[in-house]
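Note sheet for the following structure.
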Amino acid sequence: MKRSVKILIIVLAVLILLPIVVFTVPMVYNNVILMTVEHDLKSAVKDTEGVELVDADSICGNLNGNGNKMQFLAAVIVRCDDESLVKECFRKTGSYDKEYFRLRGKEPELRCLERGKLDLDVTAYDYDDNMYLIYISSQPSYAWSFDIRAH
């Protein structure tokens with residue numbers, strides 16, 4: 001009798017814990033990838049002298065298009081007096097899909113963000129002509145699409 005109770009408790013524990021593990025491990029793994037993408041962008045900005053990092057944010061999930069896929073997007077707002085420094089910073093970001101815009105008080109249309117929203121207030125910087133938005137996006141093959149955000 002005691003043996004069957006122990007087996008029942010173990011089976012119930014496994015049935016309760018298995019879905020938790022299955023849904024949280026891919027999220028944690030993909031969050032590490034997202035932090036890496038954001039770090040690559042921030043380090044490119046910090047390595048470029050004359051470019052000041054003002055704000056940053058990142059997001060992951062199925063950001064555009066149809067199907068199940070995991071996409072990553074990191075964006076920064078920088079202040080810089082010379083656009084050539086922004087281009088240099090832009091080149092340092094590596095092999096990501098990337099773009100930059102001069103902020104003019106309205107939110108630019110990001111071609112890689114149909115779903116989701118970045119937490120950047122670009123309208124707060126309309127008084128300054130030296131503000132730029134730089135973003136990089138990635139869809140690596142090693143990301144786990146089992147993450148619920150990829151659907």
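FYI, nothing fancy with the structure tokens labels: chains A, B, ... in order, residues from 1 per chain, ligands from 1 as they appear.
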Among chain A, which residues does DSSP mark as helix (DSSP H, G or I) when it is run on the backbone? Keep the chain and numbering as in the structure and answer as a PyMOL selection string.
chain A and resi 2-46+83-91+122-125+148-150
Fewer than 6 positions away in the same chain doesn't count, so skip those; otherwise give me all residues within 9 Å of Pro140 in chain A, counting only C-alpha atoms, as an MDAnalysis selection string.
chainID A and resid 70:72
Please determine, counting only C-alpha atoms, which residue among A:Ile136, A:Ile33, A:Leu120, A:Ile20 has the shortest atom-to-atom distance to Ala74 in chain A.
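The closest residue to Ala74 in chain A is A:Ile136.
Comparing the minimum interatomic distances between Lys92 in chain A and each of A:Glu38, A:Tyr29, A:Thr48, A:Phe23, counting only C-alpha atoms, we find that A:Thr48 sits nearest.
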Test item: residues at most 12 Å from Lys98 in chain A, only C-alpha atoms, excluding those fewer than 2 positions along its chain, as a ChimeraX atom specification:
/A:37,41,72-76,87,89-96,100-101,110-112,133-138
